[in-house]
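Colleague: Structure file final-v6.cif, mmCIF, C-alpha atoms, is pasted below:
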```cif
data_protein
#
loop_
_atom_site.label_atom_id
_atom_site.label_comp_id
_atom_site.auth_asym_id
_atom_site.auth_seq_id
_atom_site.Cartn_x
_atom_site.Cartn_y
_atom_site.Cartn_z
CA MET A 238 -31.87 -2.79 24.92
CA LYS A 239 -29.18 -1.51 27.30
CA ILE A 240 -25.43 -1.88 27.53
CA GLY A 241 -23.32 -0.93 30.54
CA ILE A 242 -20.75 -2.01 33.14
CA ALA A 243 -21.18 -4.35 36.11
CA LEU A 244 -18.97 -6.07 38.69
CA ARG A 245 -19.24 -9.87 38.95
CA ASP A 246 -17.89 -11.76 41.96
CA VAL A 247 -15.21 -14.29 41.01
CA SER A 248 -13.16 -13.78 44.16
CA GLU A 249 -13.21 -17.47 45.05
CA ILE A 250 -11.09 -18.12 41.97
CA THR A 251 -9.10 -14.93 41.43
CA GLY A 252 -9.33 -13.14 44.75
CA LYS A 253 -10.88 -10.20 42.88
CA TRP A 254 -14.08 -9.21 41.07
CA HIS A 255 -14.39 -9.22 37.28
CA VAL A 256 -15.45 -6.01 35.53
CA LYS A 257 -17.88 -7.10 32.83
CA ILE A 258 -19.99 -5.37 30.21
CA TYR A 259 -23.64 -6.27 30.50
CA VAL A 260 -26.26 -6.42 27.78
CA SER A 261 -29.93 -6.46 28.67
CA SER A 262 -32.98 -6.67 26.47
CA LYS A 263 -36.69 -6.78 27.24
CA GLY A 264 -38.08 -10.19 27.92
CA SER A 265 -34.71 -11.91 28.31
CA ASN A 266 -32.03 -12.48 30.92
CA THR A 267 -29.11 -10.06 31.18
CA VAL A 268 -25.86 -11.42 29.77
CA TYR A 269 -22.27 -10.43 30.48
CA ILE A 270 -19.20 -9.98 28.30
CA PRO A 271 -15.81 -10.28 30.05
CA THR A 272 -13.28 -7.45 29.81
CA GLY A 273 -10.31 -9.27 31.36
CA ILE A 274 -10.08 -6.56 34.02
CA TYR A 275 -10.15 -7.69 37.68
CA VAL A 276 -10.39 -5.37 40.72
CA ARG A 277 -11.37 -5.55 44.37
CA SER A 278 -14.89 -4.53 45.29
CA ASN A 279 -13.71 -1.25 46.84
CA GLU A 280 -11.88 -0.39 43.62
CA PHE A 281 -15.05 -0.03 41.59
CA ASP A 282 -17.57 2.82 41.75
CA ASP A 283 -20.99 1.28 41.00
CA ALA A 284 -22.74 4.65 40.76
CA ASN A 285 -20.47 5.93 37.99
CA GLY A 286 -19.51 2.56 36.51
CA GLU A 287 -15.75 3.06 36.71
CA VAL A 288 -12.59 1.72 38.30
CA VAL A 289 -11.20 3.89 41.13
CA ASN A 290 -8.51 4.01 43.80
CA ILE A 291 -5.75 2.21 41.84
CA PRO A 292 -2.90 3.56 39.67
CA LEU A 293 -4.21 1.78 36.55
CA ALA A 294 -7.74 3.15 36.94
CA SER A 295 -7.51 5.61 34.03
CA MET A 296 -6.12 2.99 31.66
CA TYR A 297 -8.75 0.43 32.66
CA ASN A 298 -11.58 2.94 32.26
CA ALA A 299 -10.30 3.94 28.83
CA GLN A 300 -10.15 0.31 27.72
CA ILE A 301 -13.68 -0.33 28.96
CA ALA A 302 -15.00 2.82 27.30
CA ASP A 303 -13.34 1.79 24.04
CA LYS A 304 -14.94 -1.66 24.17
CA ILE A 305 -18.38 -0.22 24.84
CA ALA A 306 -17.99 2.28 21.99
CA ARG A 307 -17.06 -0.53 19.60
CA TYR A 308 -19.95 -2.68 20.77
CA LYS A 309 -22.37 0.19 20.25
CA LYS A 310 -21.07 0.65 16.69
CA ILE A 311 -21.73 -3.02 16.00
CA ILE A 312 -25.21 -2.77 17.47
CA PHE A 313 -25.99 0.48 15.65
CA GLN A 314 -25.74 -1.12 12.19
CA PHE A 315 -28.79 -3.30 12.96
CA GLY A 316 -31.04 -0.30 13.58
CA ASP A 317 -34.16 -0.44 15.76
CA ILE A 318 -34.75 -4.11 15.00
CA ILE A 319 -32.02 -5.11 17.48
CA ASN A 320 -34.26 -3.94 20.33
CA ASP A 321 -36.36 -7.03 19.67
CA TYR A 322 -33.38 -9.41 19.88
CA PRO A 323 -32.82 -11.37 23.11
CA ALA A 324 -29.73 -10.32 25.05
CA LYS A 325 -28.04 -13.65 24.32
CA LYS A 326 -28.37 -13.06 20.58
CA ILE A 327 -26.93 -9.53 20.91
CA LYS A 328 -23.96 -10.93 22.84
CA GLU A 329 -23.34 -13.49 20.09
CA ILE A 330 -23.32 -10.71 17.48
CA ILE A 331 -20.85 -8.64 19.52
CA THR A 332 -18.46 -11.46 20.42
CA LYS A 333 -18.45 -12.84 16.88
CA SER A 334 -17.59 -9.40 15.57
CA GLU A 335 -14.79 -9.08 18.11
CA LYS A 336 -13.23 -12.35 16.97
CA ASN A 337 -13.70 -11.89 13.24
CA LYS A 338 -11.75 -9.19 11.44
CA LYS A 339 -14.10 -9.17 8.48
CA ASN A 340 -16.68 -7.27 10.51
CA GLY A 341 -14.42 -4.29 10.33
CA LEU A 342 -13.42 -3.42 13.89
CA VAL A 343 -10.50 -1.50 12.45
CA SER A 344 -10.30 2.26 12.22
CA PHE A 345 -10.69 3.51 8.65
CA ILE A 346 -9.33 6.90 9.71
CA SER A 347 -6.17 5.38 11.21
CA VAL A 348 -5.40 3.30 8.11
CA ALA A 349 -6.01 6.35 5.92
CA ASN A 350 -3.78 8.53 8.11
CA ASP A 351 -0.93 6.02 7.88
CA TYR A 352 -1.22 6.08 4.08
CA ILE A 353 -1.43 9.88 4.06
CA SER A 354 1.87 10.00 6.00
CA GLU A 355 3.47 7.75 3.37
CA LEU A 356 2.20 10.02 0.60
CA HIS A 357 3.68 13.09 2.30
CA LYS A 358 7.05 11.34 2.56
CA GLU A 359 6.88 10.53 -1.17
CA GLY A 360 6.04 14.14 -1.98
CA ARG A 361 2.58 13.28 -3.30
CA GLU A 362 0.98 16.25 -1.58
CA GLY A 363 -2.02 16.55 -3.89
CA TYR A 364 -3.17 12.98 -3.36
CA ALA A 365 -2.53 13.26 0.39
CA THR A 366 -4.72 16.36 0.52
CA THR A 367 -7.64 14.64 -1.21
CA LEU A 368 -7.47 11.73 1.27
CA GLU A 369 -7.35 14.16 4.20
CA SER A 370 -10.46 15.81 2.78
CA THR A 371 -12.23 12.44 2.61
CA ASN A 372 -11.31 11.70 6.24
CA ASN A 373 -12.73 15.05 7.35
CA VAL A 374 -15.94 14.60 5.33
CA LEU A 375 -16.50 11.13 6.79
CA LYS A 376 -15.93 12.30 10.37
CA LYS A 377 -18.38 15.13 9.82
CA TYR A 378 -20.97 12.80 8.24
CA PHE A 379 -20.74 10.20 11.02
CA LYS A 380 -20.39 12.91 13.69
CA SER A 381 -17.42 11.10 15.19
CA LYS A 382 -13.69 11.57 15.63
CA ASP A 383 -13.20 8.07 14.26
CA VAL A 384 -14.85 5.98 11.57
CA TYR A 385 -14.55 2.21 11.44
CA PHE A 386 -14.66 -0.02 8.38
CA ILE A 387 -17.85 -1.48 9.86
CA ASP A 388 -19.41 1.96 9.36
CA LEU A 389 -18.68 1.78 5.64
CA ASP A 390 -20.71 -1.07 4.21
CA SER A 391 -22.32 -0.84 0.77
CA ASP A 392 -25.57 0.62 2.11
CA SER A 393 -23.95 3.29 4.28
CA ILE A 394 -21.54 4.31 1.50
CA ALA A 395 -24.44 4.71 -0.93
CA GLU A 396 -26.33 6.76 1.66
CA PHE A 397 -23.24 8.85 2.33
CA LYS A 398 -23.04 9.72 -1.37
CA ARG A 399 -26.74 10.59 -1.60
CA ASN A 400 -26.42 12.82 1.44
CA TYR A 401 -23.27 14.52 0.14
CA VAL A 402 -24.76 15.24 -3.29
CA LYS A 403 -28.01 16.49 -1.71
CA ASN A 404 -26.15 18.94 0.54
CA THR A 405 -23.44 20.10 -1.86
CA GLY A 406 -24.71 19.33 -5.35
CA LYS A 407 -21.21 18.04 -6.22
CA GLU A 408 -21.51 14.52 -7.58
CA VAL A 409 -18.01 14.63 -9.07
CA THR A 410 -16.52 15.35 -5.64
CA ALA A 411 -18.70 12.65 -4.06
CA ASN A 412 -17.30 10.10 -6.53
CA LYS A 413 -13.76 11.18 -5.66
CA HIS A 414 -14.50 10.52 -1.98
CA LEU A 415 -15.83 7.07 -2.90
CA ARG A 416 -12.65 6.30 -4.85
CA ASN A 417 -10.59 7.31 -1.83
CA ILE A 418 -12.67 5.06 0.44
CA LYS A 419 -12.19 2.22 -2.04
CA ARG A 420 -8.43 2.80 -2.05
CA ILE A 421 -8.19 2.62 1.75
CA TYR A 422 -10.33 -0.54 1.77
CA ASN A 423 -7.89 -2.12 -0.68
CA LEU A 424 -4.94 -1.15 1.50
CA ALA A 425 -6.54 -2.60 4.63
CA ILE A 426 -7.26 -5.86 2.80
CA ALA A 427 -3.69 -6.01 1.45
CA LYS A 428 -2.33 -5.54 4.98
CA ARG A 429 -4.77 -8.18 6.26
CA LEU A 430 -6.34 -5.78 8.70
CA ILE A 431 -9.77 -6.79 7.42
CA ASP A 432 -11.03 -9.74 5.40
CA LYS A 433 -11.82 -9.23 1.73
CA GLU A 434 -15.31 -10.60 2.34
CA SER A 435 -16.12 -7.23 3.93
CA TYR A 436 -15.20 -5.38 0.71
CA PRO A 437 -18.31 -3.31 -0.21
CA PHE A 438 -17.35 -2.10 -3.67
CA ASP A 439 -18.39 -5.26 -5.49
CA ALA A 440 -21.90 -3.95 -4.93
CA ILE A 441 -21.10 -0.29 -5.64
CA SER A 442 -20.46 1.23 -9.05
CA ILE A 443 -18.49 4.47 -9.11
CA PRO A 444 -19.26 6.22 -12.39
CA SER A 445 -16.50 7.86 -14.36
CA ASP A 446 -16.64 11.64 -14.07
CA TYR A 447 -15.04 12.23 -17.43
CA ASN A 448 -13.76 10.48 -20.48
CA ALA A 449 -10.04 9.84 -20.05
CA LYS A 450 -8.05 12.22 -22.21
CA ILE A 451 -5.32 10.54 -24.22
CA ARG A 452 -2.32 12.85 -24.00
CA LYS A 453 -0.48 11.90 -27.17
CA LEU A 454 1.68 13.51 -29.84
CA ASP A 455 2.11 12.43 -33.43
CA ALA A 456 5.44 10.94 -34.51
CA GLU A 457 6.26 14.08 -36.54
CA ILE A 458 6.07 16.27 -33.42
CA ILE A 459 8.15 13.85 -31.35
CA LYS A 460 10.84 13.99 -34.04
CA VAL A 461 10.87 17.79 -33.71
CA ILE A 462 11.31 17.42 -29.93
CA TYR A 463 14.16 14.96 -30.53
CA ASN A 464 16.00 17.60 -32.58
CA GLU A 465 15.74 20.13 -29.73
CA SER A 466 18.04 20.29 -26.69
CA GLY A 467 17.73 20.76 -22.94
CA ILE A 468 16.60 18.81 -19.92
CA GLY A 469 12.95 18.74 -20.99
CA ARG A 470 13.83 17.26 -24.35
CA ASP A 471 16.25 14.77 -22.78
CA PHE A 472 13.86 13.26 -20.24
CA PHE A 473 10.87 13.29 -22.56
CA MET A 474 12.86 11.32 -25.11
CA LEU A 475 14.40 9.08 -22.43
CA SER A 476 10.90 8.09 -21.33
CA PHE A 477 9.92 7.49 -24.95
CA PHE A 478 13.02 5.34 -25.58
CA PHE A 479 12.11 3.28 -22.49
CA CYS A 480 8.58 2.50 -23.79
CA GLY A 481 7.01 5.50 -22.04
CA MET A 482 8.53 4.86 -18.62
CA ASN A 483 7.28 6.91 -15.66
CA LEU A 484 9.61 9.59 -14.33
CA LYS A 485 9.69 8.04 -10.84
CA ASP A 486 11.02 4.77 -12.30
CA ILE A 487 13.66 6.63 -14.33
CA PHE A 488 14.66 8.80 -11.38
CA GLU A 489 15.08 5.87 -8.98
CA MET A 490 16.47 3.27 -11.39
CA GLU A 491 19.70 1.62 -10.30
CA TYR A 492 22.64 1.57 -12.67
CA PHE A 493 22.66 -0.83 -15.61
CA PRO A 494 25.34 -0.75 -18.35
CA ASP A 495 23.43 -2.14 -21.34
CA ILE A 496 20.17 -3.78 -20.30
CA ILE A 497 17.72 -2.38 -17.76
CA ASP A 498 16.12 -5.02 -15.53
CA ILE A 499 13.72 -3.55 -13.00
CA ASP A 500 10.87 -4.57 -10.70
CA ARG A 501 8.38 -2.41 -8.94
CA ALA A 502 5.24 -2.95 -6.89
CA LYS A 503 2.13 -2.70 -9.03
CA THR A 504 -0.36 -2.02 -6.21
CA SER A 505 -0.48 -2.31 -2.45
CA ARG A 506 -3.60 -4.46 -2.68
CA THR A 507 -2.10 -7.15 -4.88
CA ALA A 508 1.36 -6.86 -3.29
CA ARG A 509 2.74 -8.11 -6.63
CA PHE A 510 5.50 -6.82 -8.82
CA VAL A 511 5.76 -5.92 -12.47
CA HIS A 512 9.00 -6.50 -14.32
CA LEU A 513 10.70 -4.99 -17.37
CA ARG A 514 13.87 -6.10 -19.12
CA LEU A 515 14.99 -4.04 -22.09
CA SER A 516 18.21 -3.36 -23.97
CA ILE A 517 19.14 0.30 -23.70
CA PRO A 518 18.72 1.85 -27.17
CA ALA A 519 21.70 3.76 -28.57
CA GLU A 520 19.57 6.90 -28.67
CA ALA A 521 18.98 6.61 -24.92
CA LYS A 522 22.67 6.02 -24.13
CA GLU A 523 23.50 9.43 -25.60
CA ILE A 524 21.12 11.03 -23.08
CA LEU A 525 22.17 8.87 -20.13
CA ALA A 526 25.80 9.88 -20.65
CA ARG A 527 24.87 13.50 -19.84
CA TYR A 528 23.28 12.56 -16.51
CA ALA A 529 25.56 9.70 -15.48
CA ASP A 530 26.06 8.97 -11.78
CA PRO A 531 29.86 8.83 -11.25
CA SER A 532 29.38 6.27 -8.48
CA ARG A 533 27.23 4.10 -10.75
CA GLN A 534 24.70 3.61 -7.99
CA LYS A 535 21.87 5.07 -10.04
CA MET A 536 21.21 5.31 -13.74
CA ILE A 537 20.94 9.09 -13.61
CA LEU A 538 22.09 11.83 -11.29
CA THR A 539 20.62 15.35 -11.36
CA GLN A 540 20.65 18.41 -9.15
CA PHE A 541 17.10 17.61 -8.01
CA SER A 542 16.45 15.83 -4.71
CA HIS A 543 13.06 14.49 -5.77
CA GLU A 544 11.52 13.60 -9.10
CA ARG A 545 8.65 16.04 -8.60
CA TYR A 546 11.12 18.96 -8.73
CA LEU A 547 12.72 17.49 -11.82
CA ASN A 548 9.25 17.06 -13.33
CA HIS A 549 8.52 20.79 -12.90
CA ARG A 550 11.74 21.70 -14.69
CA ILE A 551 11.10 19.19 -17.49
CA ASN A 552 7.61 20.52 -18.10
CA ASP A 553 8.77 24.15 -18.12
CA ASP A 554 11.21 23.23 -20.90
CA LEU A 555 8.58 21.32 -22.82
CA TYR A 556 6.13 24.23 -22.61
CA ALA A 557 8.83 26.43 -24.12
CA ILE A 558 9.40 23.94 -26.98
CA ALA A 559 5.65 23.87 -27.66
CA ALA A 560 5.48 27.67 -27.74
CA LYS A 561 8.54 27.90 -30.02
CA HIS A 562 7.00 25.62 -32.67
CA GLY A 563 3.38 26.63 -32.22
CA PHE A 564 2.37 23.22 -30.87
CA LYS A 565 -0.44 22.70 -28.42
CA ARG A 566 1.04 22.72 -24.92
CA PHE A 567 2.22 19.27 -23.77
CA SER A 568 3.99 17.77 -20.77
CA PHE A 569 6.23 14.83 -19.82
CA THR A 570 3.30 12.39 -19.55
CA TYR A 571 2.69 12.73 -23.29
CA ALA A 572 5.76 10.53 -23.91
CA ARG A 573 4.04 7.53 -22.33
CA HIS A 574 0.72 7.95 -24.13
CA SER A 575 2.43 8.69 -27.41
CA TRP A 576 4.58 5.54 -27.29
CA ALA A 577 1.51 3.40 -26.59
CA THR A 578 -0.53 5.05 -29.35
CA ILE A 579 2.22 4.72 -31.96
CA ALA A 580 2.79 1.09 -30.93
CA GLY A 581 -0.91 0.39 -31.40
CA ARG A 582 -0.87 1.94 -34.88
CA LEU A 583 2.04 -0.34 -35.75
CA ARG A 584 -0.18 -3.31 -34.87
CA ILE A 585 1.78 -4.20 -31.76
CA SER A 586 -0.51 -6.23 -29.51
CA ASP A 587 -2.10 -4.72 -26.41
CA ASP A 588 -0.55 -7.29 -24.08
CA VAL A 589 2.95 -6.41 -25.33
CA ILE A 590 2.21 -2.70 -24.91
CA ASP A 591 0.96 -3.32 -21.37
CA LYS A 592 4.04 -5.36 -20.52
CA ALA A 593 6.36 -2.71 -22.02
CA GLN A 594 4.74 -0.01 -19.88
CA MET A 595 4.59 -2.17 -16.73
CA ARG A 596 0.86 -1.63 -16.63
CA SER A 597 -0.32 -5.16 -15.94
CA VAL A 598 0.75 -8.45 -14.46
CA THR A 599 1.34 -11.32 -16.85
CA GLY A 600 -1.10 -14.23 -16.78
CA GLU A 601 -0.79 -16.73 -13.95
CA MET A 602 0.44 -19.49 -16.25
CA ILE A 603 3.36 -17.43 -17.48
CA GLU A 604 4.24 -16.20 -13.98
CA ARG A 605 4.34 -19.69 -12.51
CA TYR A 606 5.61 -21.88 -15.29
CA ARG A 607 7.73 -19.90 -17.71
CA GLU A 608 9.62 -16.65 -18.02
CA TYR A 609 8.08 -13.93 -20.11
CA ASP A 610 9.78 -13.45 -23.49
CA PHE A 611 10.90 -9.83 -23.33
CA SER A 612 12.20 -10.01 -26.90
CA GLN A 613 8.64 -9.08 -27.89
CA VAL A 614 8.96 -5.83 -25.94
CA GLU A 615 12.43 -5.29 -27.37
CA GLU A 616 11.17 -5.63 -30.93
CA ALA A 617 8.18 -3.39 -30.23
CA ASN A 618 10.34 -0.62 -28.77
CA ARG A 619 12.76 -0.69 -31.69
CA LYS A 620 9.88 -0.58 -34.14
CA VAL A 621 8.33 2.47 -32.42
CA ILE A 622 11.69 4.33 -32.29
CA ASP A 623 12.54 3.59 -35.92
CA HIS A 624 9.10 4.65 -37.12
CA THR A 625 9.18 7.89 -35.12
CA LEU A 626 12.75 9.09 -35.74
CA TYR A 627 13.61 7.50 -39.06
CA MET A 628 10.17 6.90 -40.59
CA VAL A 629 11.06 3.23 -41.13
#
```
As structure tokens, please, write out the structure in this file.
Modeller:
Amino acid sequence: MKIGIALRDVSEITGKWHVKIYVSSKGSNTVYIPTGIYVRSNEFDDANGEVVNIPLASMYNAQIADKIARYKKIIFQFGDIINDYPAKKIKEIITKSEKNKKNGLVSFISVANDYISELHKEGREGYATTLESTNNVLKKYFKSKDVYFIDLDSDSIAEFKRNYVKNTGKEVTANKHLRNIKRIYNLAIAKRLIDKESYPFDAISIPSDYNAKIRKLDAEIIKVIYNESGIGRDFFMLSFFFCGMNLKDIFEMEYFPDIIDIDRAKTSRTARFVHLRLSIPAEAKEILARYADPSRQKMILTQFSHERYLNHRINDDLYAIAAKHGFKRFSFTYARHSWATIAGRLRISDDVIDKAQMRSVTGEMIERYREYDFSQVEEANRKVIDHTLYMV
């Protein structure tokens, strides 16, 4: 089987010749795939298979080379068996792939790089670095400067992992690369760059590398923290009073006088939003007053330009509180896990806990036909606060 470039005479219609990509296979007629590029006969070098003598020659040659490279990637996935296919069948495979996004003629590396740029802008340097590492590993494995989604089907991903573990002995790291690949697949599907039918992870299981550690504190310890002072104490308790809210949500929340009412995107793949409405507890208002934004544009205003800097300061304070009282070291994230754990012990249902922590989307029936009753979250939050601070 061969693939190359040829010039076909269509001058009676266009006045020029059509540069086409040919496919030939043993025992069958050669077939041609149009490129949409037309030149005069003296503007094409048959010996080298390239356009010459015109200002657009370099651009045309680059476009042709790109098409051939993509076609070869499509052909490559079939292995040696494609050498037995007639040329007409090979052309059908190529042209169908060109027309149908689900076959993955989209650069995985480019989609990943766009997401990496977003992560850098958000200050999520650690996550960006892991994705950059995955890009580099994939390019090395495929021996290419680019990797297409078509390269990453379920079989090739499984083989990639086997190869990586064989060469490095690091299965944990291999699984992290697979999770990164899965994340970029989800992004590409959400942006409709590829069809979800091409999603390979329905057939791939990525084992957990560890048992998730629940970072929680007992109510008695949280009460000790509440009786402390400082920025660490304030934001830990503020998160706790808001059902374990993430620092990013607190940091970016717009101003509300009495009831917070916020939306945020749950995931890029679903492109759906989670919602929380909650009366501001009196205990939280005392903290908010210390960090009030005079312009009332945001709920809080601090000296920190990004929540990651604030998070460092919060955790430093919390480490000091832990050392002072002889507690095991804890951080800001313990507020979220602790609220959920205490709520569970108080027999608050899992779906209310999930809704309070903006962890899941409500069922389709509720989303479409009725508004969620946030009084359940309100009651749950009050119950957790009262139990923790006042032992009610």
Colleague: Using the chain letters and numbers from this file, what does the PyMOL selection byres ((chain A and resi 523) around 12) select? Give the answer as JSON, numbers by chain.
Modeller: {"A": [463, 471, 472, 474, 475, 478, 517, 518, 519, 520, 521, 522, 524, 525, 526, 527, 528, 529]}
Colleague: Determine the residue membership of the PyMOL selection byres ((chain A and resi 437) around 8) for the file above and supply it as an MDAnalysis selection string.
Modeller: chainID A and resid 389:391 435:436 438:441
Colleague: Applying the PyMOL selection byres ((chain A and resi 614-627) around 8) to the file I just gave you, which residues come out? Please list them as a CSV table (one decimal) with C-alpha atoms, in the frame of the given file.
Modeller:
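This went into part06.csv:
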```csv
chain,number,residue,atom,x,y,z
A,456,ALA,CA,5.4,10.9,-34.5
A,457,GLU,CA,6.3,14.1,-36.5
A,459,ILE,CA,8.2,13.8,-31.4
A,460,LYS,CA,10.8,14.0,-34.0
A,463,TYR,CA,14.2,15.0,-30.5
A,478,PHE,CA,13.0,5.3,-25.6
A,479,PHE,CA,12.1,3.3,-22.5
A,480,CYS,CA,8.6,2.5,-23.8
A,515,LEU,CA,15.0,-4.0,-22.1
A,516,SER,CA,18.2,-3.4,-24.0
A,518,PRO,CA,18.7,1.8,-27.2
A,576,TRP,CA,4.6,5.5,-27.3
A,579,ILE,CA,2.2,4.7,-32.0
A,580,ALA,CA,2.8,1.1,-30.9
A,583,LEU,CA,2.0,-0.3,-35.8
A,585,ILE,CA,1.8,-4.2,-31.8
A,589,VAL,CA,3.0,-6.4,-25.3
A,590,ILE,CA,2.2,-2.7,-24.9
A,592,LYS,CA,4.0,-5.4,-20.5
A,593,ALA,CA,6.4,-2.7,-22.0
A,611,PHE,CA,10.9,-9.8,-23.3
A,612,SER,CA,12.2,-10.0,-26.9
A,613,GLN,CA,8.6,-9.1,-27.9
A,628,MET,CA,10.2,6.9,-40.6
A,629,VAL,CA,11.1,3.2,-41.1
```
Colleague: Would you mind listing what lies within 10 Å of Val268 of chain A as a list in words, with only C-alpha atoms counted and same-chain residues fewer than 2 positions away left out?
Modeller: Ile240, Lys257, Ile258, Tyr259, Val260, Ser261, Ser262, Ser265, Asn266, Ile270, Pro323, Ala324, Lys325, Lys326, Ile327 and Lys328 of chain A
Colleague: Using all atoms listed in the file, which of the listed residues (A:Glu544, A:Ile458, A:Asp610, A:Arg550) sits closest to Phe564 of chain A?
Modeller: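 Comparing A:Glu544, A:Ile458, A:Asp610, A:Arg550 against Phe564 of chain A, the winner is A:Ile458.
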Colleague: To one decimal in Å, tell me the separation between atom CA of Arg584 of chain A and atom CA of His512 of chain A.
Modeller: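 Computing it gives 22.7 Å between the two atoms.
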Colleague: Need to verify the contact set: Asp486 of chain A, 10 Å, all atoms listed in the file, exclusion of same-chain residues closer than 6 positions in sequence. Can you return it as a PyMOL selection string?
Modeller: chain A and resi 476+499-501+544
Colleague: Counting all atoms listed in the file, figure out which residue out of A:Asp553, A:Asp530, A:Glu359, A:Asp455 gets nearest to His574 of chain A.
Modeller: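 When distances to His574 of chain A are compared using all atoms listed in the file, the smallest one comes from A:Asp455.
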